[in-house]
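Content type mmCIF, C-alpha atoms, from the file start.cif:
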```cif
data_run
#
loop_
_atom_site.label_atom_id
_atom_site.label_comp_id
_atom_site.auth_asym_id
_atom_site.auth_seq_id
_atom_site.Cartn_x
_atom_site.Cartn_y
_atom_site.Cartn_z
CA MET A 1 13.27 -70.12 40.58
CA THR A 2 12.89 -72.03 37.34
CA PRO A 3 9.96 -71.37 35.00
CA THR A 4 6.90 -73.28 36.09
CA THR A 5 3.30 -72.96 34.98
CA ILE A 6 1.17 -71.65 37.85
CA ASN A 7 -2.60 -71.22 37.69
CA CYS A 8 -3.99 -69.42 40.73
CA SER A 9 -7.43 -68.15 41.68
CA ALA A 10 -7.57 -66.37 45.02
CA ILE A 11 -8.34 -63.28 47.04
CA VAL A 12 -5.05 -61.85 48.31
CA THR A 13 -4.88 -58.97 50.81
CA GLY A 14 -1.98 -57.34 52.62
CA ARG A 15 -0.28 -54.02 53.26
CA ASP A 16 2.94 -53.70 51.23
CA TRP A 17 4.59 -55.92 48.58
CA VAL A 18 1.38 -57.76 47.74
CA GLY A 19 0.95 -59.91 44.61
CA GLY A 20 -1.42 -62.53 43.29
CA ILE A 21 1.44 -65.04 43.04
CA VAL A 22 4.57 -63.41 44.56
CA GLY A 23 4.60 -60.54 47.06
CA SER A 24 8.29 -59.59 46.88
CA GLY A 25 10.97 -61.04 44.65
CA ILE A 26 14.72 -60.49 44.63
CA GLY A 27 17.47 -62.33 42.92
CA SER A 28 16.78 -64.98 40.34
CA MET A 29 12.97 -65.04 40.35
CA TYR A 30 11.71 -66.10 36.93
CA GLY A 31 7.99 -66.28 36.32
CA SER A 32 6.77 -67.81 33.10
CA ARG A 33 3.29 -69.00 32.25
CA TRP A 34 1.71 -67.62 35.42
CA ASN A 35 -2.07 -67.10 35.32
CA PHE A 36 -4.04 -65.34 38.05
CA THR A 37 -7.75 -64.71 38.56
CA GLY A 38 -9.34 -63.23 41.65
CA GLU A 39 -8.52 -60.07 43.57
CA VAL A 40 -5.35 -58.49 44.97
CA GLU A 41 -5.58 -55.66 47.49
CA GLY A 42 -2.87 -53.81 49.37
CA ARG A 43 -1.36 -50.40 50.02
CA ASN A 44 2.09 -50.04 48.42
CA LYS A 45 3.77 -52.12 45.68
CA VAL A 46 0.73 -54.14 44.68
CA GLY A 47 0.55 -56.22 41.49
CA GLY A 48 -1.74 -58.73 39.83
CA LEU A 49 1.11 -61.26 39.67
CA VAL A 50 4.03 -59.70 41.60
CA GLY A 51 3.89 -56.93 44.22
CA GLY A 52 7.43 -55.78 43.53
CA THR A 53 10.99 -56.77 42.89
CA SER A 54 14.29 -55.22 43.87
CA SER A 55 17.54 -55.49 42.00
CA SER A 56 20.51 -57.48 43.23
CA LYS A 57 23.71 -58.79 41.70
CA TYR A 58 21.56 -61.69 40.46
CA GLY A 59 18.97 -59.40 38.84
CA GLY A 60 15.56 -58.45 40.08
CA GLY A 61 13.53 -61.19 38.50
CA TYR A 62 11.48 -61.49 35.36
CA VAL A 63 7.87 -62.18 34.47
CA THR A 64 7.09 -63.37 30.96
CA HIS A 65 4.28 -65.07 29.00
CA SER A 66 1.84 -64.57 31.89
CA VAL A 67 -1.72 -63.30 32.36
CA ASN A 68 -3.54 -61.42 35.11
CA ALA A 69 -7.33 -61.49 34.89
CA GLY A 70 -7.90 -60.33 38.48
CA LYS A 71 -8.85 -56.98 39.98
CA VAL A 72 -5.90 -55.09 41.55
CA THR A 73 -6.39 -52.34 44.15
CA GLY A 74 -3.80 -50.33 46.08
CA LYS A 75 -2.49 -46.87 46.85
CA THR A 76 1.07 -46.41 45.46
CA ALA A 77 2.92 -48.44 42.81
CA VAL A 78 -0.02 -50.50 41.60
CA GLY A 79 0.15 -52.55 38.40
CA GLY A 80 -1.77 -55.20 36.52
CA ILE A 81 1.30 -57.44 36.32
CA ARG A 82 3.84 -55.83 38.73
CA GLY A 83 3.42 -52.98 41.15
CA TYR A 84 7.10 -52.04 41.34
CA ALA A 85 9.97 -53.21 39.12
CA GLU A 86 13.60 -52.37 39.86
CA GLN A 87 15.20 -54.27 37.00
CA PRO A 88 17.78 -52.30 35.01
CA SER A 89 18.89 -53.29 31.51
CA SER A 90 16.54 -56.22 30.97
CA ASN A 91 12.92 -57.03 30.26
CA ALA A 92 11.37 -56.93 33.74
CA VAL A 93 8.01 -57.76 32.20
CA SER A 94 7.71 -59.15 28.68
CA GLN A 95 4.92 -60.68 26.64
CA CYS A 96 2.34 -60.49 29.42
CA VAL A 97 -1.36 -59.60 29.29
CA ASN A 98 -3.42 -57.75 31.89
CA LEU A 99 -7.20 -58.16 31.63
CA GLY A 100 -8.06 -56.99 35.16
CA ASP A 101 -9.05 -53.54 36.35
CA VAL A 102 -6.28 -51.69 38.21
CA THR A 103 -7.11 -49.00 40.76
CA GLY A 104 -4.77 -46.88 42.89
CA GLU A 105 -3.82 -43.33 43.78
CA ASP A 106 -0.20 -42.75 42.71
CA LYS A 107 1.99 -44.55 40.10
CA VAL A 108 -0.70 -46.79 38.62
CA GLY A 109 -0.20 -48.77 35.40
CA GLY A 110 -1.93 -51.47 33.39
CA ILE A 111 1.30 -53.50 33.33
CA ILE A 112 3.65 -51.83 35.87
CA GLY A 113 2.85 -49.03 38.32
CA TRP A 114 6.42 -47.83 39.07
CA ASN A 115 9.05 -48.92 36.57
CA LEU A 116 12.83 -48.79 36.92
CA GLY A 117 13.43 -51.35 34.21
CA SER A 118 12.23 -52.41 30.79
CA VAL A 119 8.80 -53.43 29.62
CA TYR A 120 8.57 -55.24 26.28
CA GLY A 121 5.76 -56.68 24.17
CA ASN A 122 2.87 -56.48 26.65
CA VAL A 123 -0.87 -55.87 26.29
CA ASN A 124 -3.17 -54.13 28.76
CA ALA A 125 -6.91 -54.53 28.21
CA GLY A 126 -8.00 -53.65 31.76
CA ARG A 127 -9.35 -50.32 32.99
CA VAL A 128 -6.69 -48.27 34.83
CA THR A 129 -7.85 -45.67 37.36
CA GLY A 130 -5.75 -43.44 39.59
CA ASN A 131 -5.04 -39.91 40.69
CA ARG A 132 -1.44 -39.11 39.73
CA TYR A 133 0.98 -40.83 37.28
CA VAL A 134 -1.52 -43.11 35.60
CA GLY A 135 -0.75 -45.01 32.39
CA GLY A 136 -2.16 -47.81 30.26
CA ILE A 137 1.20 -49.61 30.27
CA VAL A 138 3.41 -47.78 32.83
CA GLY A 139 2.24 -45.31 35.45
CA TYR A 140 5.65 -43.84 36.37
CA GLN A 141 8.93 -44.60 34.63
CA GLU A 142 11.95 -43.52 36.66
CA GLN A 143 15.60 -43.39 35.61
CA TYR A 144 17.81 -46.08 37.11
CA THR A 145 21.35 -44.66 37.40
CA GLY A 146 23.54 -45.79 34.54
CA TYR A 147 20.81 -47.66 32.64
CA SER A 148 18.30 -46.74 29.97
CA ASN A 149 14.82 -47.79 30.98
CA SER A 150 12.19 -48.40 28.36
CA ALA A 151 8.63 -49.29 27.51
CA ARG A 152 8.61 -50.80 24.02
CA TYR A 153 6.35 -52.69 21.64
CA SER A 154 3.33 -52.70 23.94
CA ILE A 155 -0.38 -52.07 23.38
CA SER A 156 -2.96 -50.55 25.70
CA CYS A 157 -6.61 -50.94 24.77
CA GLY A 158 -8.13 -50.41 28.23
CA GLN A 159 -9.65 -47.16 29.44
CA VAL A 160 -7.32 -44.91 31.46
CA TYR A 161 -8.65 -42.42 34.04
CA GLY A 162 -6.70 -40.01 36.21
CA VAL A 163 -6.25 -36.41 37.33
CA GLU A 164 -2.59 -35.50 36.87
CA TYR A 165 0.10 -36.99 34.55
CA VAL A 166 -2.20 -39.38 32.72
CA GLY A 167 -1.34 -41.17 29.47
CA ASN A 168 -2.79 -43.97 27.39
CA VAL A 169 0.67 -45.61 27.35
CA ALA A 170 2.76 -43.89 30.09
CA GLY A 171 1.58 -41.49 32.76
CA TYR A 172 5.07 -40.01 33.21
CA SER A 173 8.50 -40.92 31.92
CA GLN A 174 11.35 -39.26 33.81
CA ALA A 175 13.91 -40.74 31.44
CA GLY A 176 14.36 -43.68 29.14
CA THR A 177 12.46 -44.58 26.03
CA VAL A 178 8.81 -45.03 25.23
CA SER A 179 8.72 -46.39 21.68
CA HIS A 180 6.60 -48.51 19.39
CA CYS A 181 3.75 -48.48 21.91
CA TYR A 182 0.17 -48.07 20.81
CA TYR A 183 -3.21 -47.20 22.22
CA ASP A 184 -6.22 -48.85 20.65
CA LYS A 185 -9.40 -47.08 21.64
CA GLN A 186 -12.20 -49.64 21.95
#
```
Any chance you could give the structure as structure tokens?
Amino acid sequence: MTPTTINCSAIVTGRDWVGGIVGSGIGSMYGSRWNFTGEVEGRNKVGGLVGGTSSSKYGGGYVTHSVNAGKVTGKTAVGGIRGYAEQPSSNAVSQCVNLGDVTGEDKVGGIIGWNLGSVYGNVNAGRVTGNRYVGGIVGYQEQYTGYSNSARYSISCGQVYGVEYVGNVAGYSQAGTVSHCYYDKQ
């Protein structure tokens, strides 16, 4: 998919792999200049722009220079931009902004709920609410075998609420790097 500007306002509901613009992406998905307003609701792998992506020999897809201003609700792997990102050694989400509130139970993040990739230069200004593994940028960062995952140069200025493993930037980082990220309390 080549970069194309997409402006979408909708109410999107489903069960798994639910996104405001793309539910599930694999291969050479490349989202640039995507803008979403509305609501996204699902159960697992739910994102404001992309529900989730899986890696392949072509990569797992990228989202860059995009904005979510919609409300995102789910259970597991819920994110303002992407719910689930399996994208080793590259910027799975870069230079994106989440303005919408994100609500889930497990692995909930302002940018990505469950991250197996890299997050670079993003801003979360939405409220993030969950139970376990809740973060302003990344809810749960898991090690992808043989790669160093990271959350870098990102800012969270939204409120973050949770019960267990809660952080203004990352709820939990199993491995990888969390660096040059900031929390700006409004």
Evaluate the PyMOL selection byres ((chain A and resi 152) around 10) and report residues as a list in words: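 Applied to this file, the PyMOL selection byres ((chain A and resi 152) around 10) selects Asn91, Ser94, Ser118, Val119, Tyr120, Gly121, Asn122, Ile137, Asn149, Ser150, Ala151, Tyr153, Ser154, Ile155, Thr177, Val178, Ser179, His180, Cys181 and Tyr182 of chain A.
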Writing out the chosen residues with C-alpha atoms as a PDB file, keeping the file's coordinate frame:
```pdb
ATOM      1  CA  ASN A  91      12.920 -57.030  30.260  1.00  0.00           C
ATOM      2  CA  SER A  94       7.710 -59.150  28.680  1.00  0.00           C
ATOM      3  CA  SER A 118      12.230 -52.410  30.790  1.00  0.00           C
ATOM      4  CA  VAL A 119       8.800 -53.430  29.620  1.00  0.00           C
ATOM      5  CA  TYR A 120       8.570 -55.240  26.280  1.00  0.00           C
ATOM      6  CA  GLY A 121       5.760 -56.680  24.170  1.00  0.00           C
ATOM      7  CA  ASN A 122       2.870 -56.480  26.650  1.00  0.00           C
ATOM      8  CA  ILE A 137       1.200 -49.610  30.270  1.00  0.00           C
ATOM      9  CA  ASN A 149      14.820 -47.790  30.980  1.00  0.00           C
ATOM     10  CA  SER A 150      12.190 -48.400  28.360  1.00  0.00           C
ATOM     11  CA  ALA A 151       8.630 -49.290  27.510  1.00  0.00           C
ATOM     12  CA  TYR A 153       6.350 -52.690  21.640  1.00  0.00           C
ATOM     13  CA  SER A 154       3.330 -52.700  23.940  1.00  0.00           C
ATOM     14  CA  ILE A 155      -0.380 -52.070  23.380  1.00  0.00           C
ATOM     15  CA  THR A 177      12.460 -44.580  26.030  1.00  0.00           C
ATOM     16  CA  VAL A 178       8.810 -45.030  25.230  1.00  0.00           C
ATOM     17  CA  SER A 179       8.720 -46.390  21.680  1.00  0.00           C
ATOM     18  CA  HIS A 180       6.600 -48.510  19.390  1.00  0.00           C
ATOM     19  CA  CYS A 181       3.750 -48.480  21.910  1.00  0.00           C
ATOM     20  CA  TYR A 182       0.170 -48.070  20.810  1.00  0.00           C
TER      21      TYR A 182
END
```
Around (10.1, -57.9, 39.5), as given in the file, which residues come within 6 Å? Count all atoms listed in the file and list them as a tab-separated table (two decimals) with C-alpha atoms, in the coordinates of the input.
```tsv
chain	number	residue	atom	x	y	z
A	52	GLY	CA	7.43	-55.78	43.53
A	53	THR	CA	10.99	-56.77	42.89
A	60	GLY	CA	15.56	-58.45	40.08
A	61	GLY	CA	13.53	-61.19	38.50
A	62	TYR	CA	11.48	-61.49	35.36
A	85	ALA	CA	9.97	-53.21	39.12
A	92	ALA	CA	11.37	-56.93	33.74
```
Taking the file as shown, what set of residues would the PyMOL selection byres ((chain A and resi 64) around 7) give back, as a ChimeraX atom specification? /A:31-33,62-63,65-66,93-96
Starting from the PyMOL selection byres ((chain A and resi 50) around 9), expand the selection into actual residues of this file and give them as a PyMOL selection string. chain A and resi 17-25+45-49+51-53+63+79-84
Keeping only C-alpha atoms, write the selected residues as a PDB file, in the coordinates of the input.
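And here's result.pdb as it stands now:
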```
ATOM      1  CA  TRP A  17       4.590 -55.920  48.580  1.00  0.00           C
ATOM      2  CA  VAL A  18       1.380 -57.760  47.740  1.00  0.00           C
ATOM      3  CA  GLY A  19       0.950 -59.910  44.610  1.00  0.00           C
ATOM      4  CA  GLY A  20      -1.420 -62.530  43.290  1.00  0.00           C
ATOM      5  CA  ILE A  21       1.440 -65.040  43.040  1.00  0.00           C
ATOM      6  CA  VAL A  22       4.570 -63.410  44.560  1.00  0.00           C
ATOM      7  CA  GLY A  23       4.600 -60.540  47.060  1.00  0.00           C
ATOM      8  CA  SER A  24       8.290 -59.590  46.880  1.00  0.00           C
ATOM      9  CA  GLY A  25      10.970 -61.040  44.650  1.00  0.00           C
ATOM     10  CA  LYS A  45       3.770 -52.120  45.680  1.00  0.00           C
ATOM     11  CA  VAL A  46       0.730 -54.140  44.680  1.00  0.00           C
ATOM     12  CA  GLY A  47       0.550 -56.220  41.490  1.00  0.00           C
ATOM     13  CA  GLY A  48      -1.740 -58.730  39.830  1.00  0.00           C
ATOM     14  CA  LEU A  49       1.110 -61.260  39.670  1.00  0.00           C
ATOM     15  CA  GLY A  51       3.890 -56.930  44.220  1.00  0.00           C
ATOM     16  CA  GLY A  52       7.430 -55.780  43.530  1.00  0.00           C
ATOM     17  CA  THR A  53      10.990 -56.770  42.890  1.00  0.00           C
ATOM     18  CA  VAL A  63       7.870 -62.180  34.470  1.00  0.00           C
ATOM     19  CA  GLY A  79       0.150 -52.550  38.400  1.00  0.00           C
ATOM     20  CA  GLY A  80      -1.770 -55.200  36.520  1.00  0.00           C
ATOM     21  CA  ILE A  81       1.300 -57.440  36.320  1.00  0.00           C
ATOM     22  CA  ARG A  82       3.840 -55.830  38.730  1.00  0.00           C
ATOM     23  CA  GLY A  83       3.420 -52.980  41.150  1.00  0.00           C
ATOM     24  CA  TYR A  84       7.100 -52.040  41.340  1.00  0.00           C
TER      25      TYR A  84
END
```
When you count all atoms listed in the file, which of these residues is closest to Ala125 in chain A: A:Asn68, A:Thr76, A:Ser9, A:Gln141? A:Asn68
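CA of Val134 in chain A to CA of Ile6 in chain A spans 28.8 Å [interatomic distance, one decimal].
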What are the centre and edge lengths in Å, to one decimal, of the axis-aligned box around all listed atoms of range 66-76 of chain A with 3 Å added on each side, as JSON?
```
{"center_x": -3.5, "center_y": -55.5, "center_z": 39.4, "size_x": 16.7, "size_y": 24.2, "size_z": 21.0}
```
Taking 5 positions as the minimum chain separation for residues in the same chain, which residues sit within 12 Å of Asp184 in chain A when counting all atoms listed in the file? Answer as a PyMOL selection string. chain A and resi 123-125+136+154-160+168-169
So the first atom is CA of Gly130 in chain A and the second is CA of Gln143 in chain A; what is the distance between them in Å, to one decimal place? 21.7 Å
Any idea what the distance is between CA of Gly42 in chain A and CA of Gly100 in chain A?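 A separation of 15.5 Å between them.
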Residue contacts of Val12 in chain A (7 Å, all atoms listed in the file) excluding same-chain residues fewer than 2 positions away, as a ChimeraX atom specification: /A:10,14,20,39-41
Nearest residue to Asp106 in chain A out of A:Gly167, A:Gly139, A:Gly70, A:Gly38, using all atoms listed in the file?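 Looking only at the distances to Asp106 in chain A, the closest residue turns out to be A:Gly139.
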Which residues come within 7 Å of Val138 in chain A, counting all atoms listed in the file, excluding same-chain residues fewer than 6 positions away, as a count of residues only? 10
For Leu99 in chain A, which residue out of A:Thr37, A:Asn44, A:Asn131, A:Ser54 is the nearest one, using all atoms listed in the file? A:Thr37
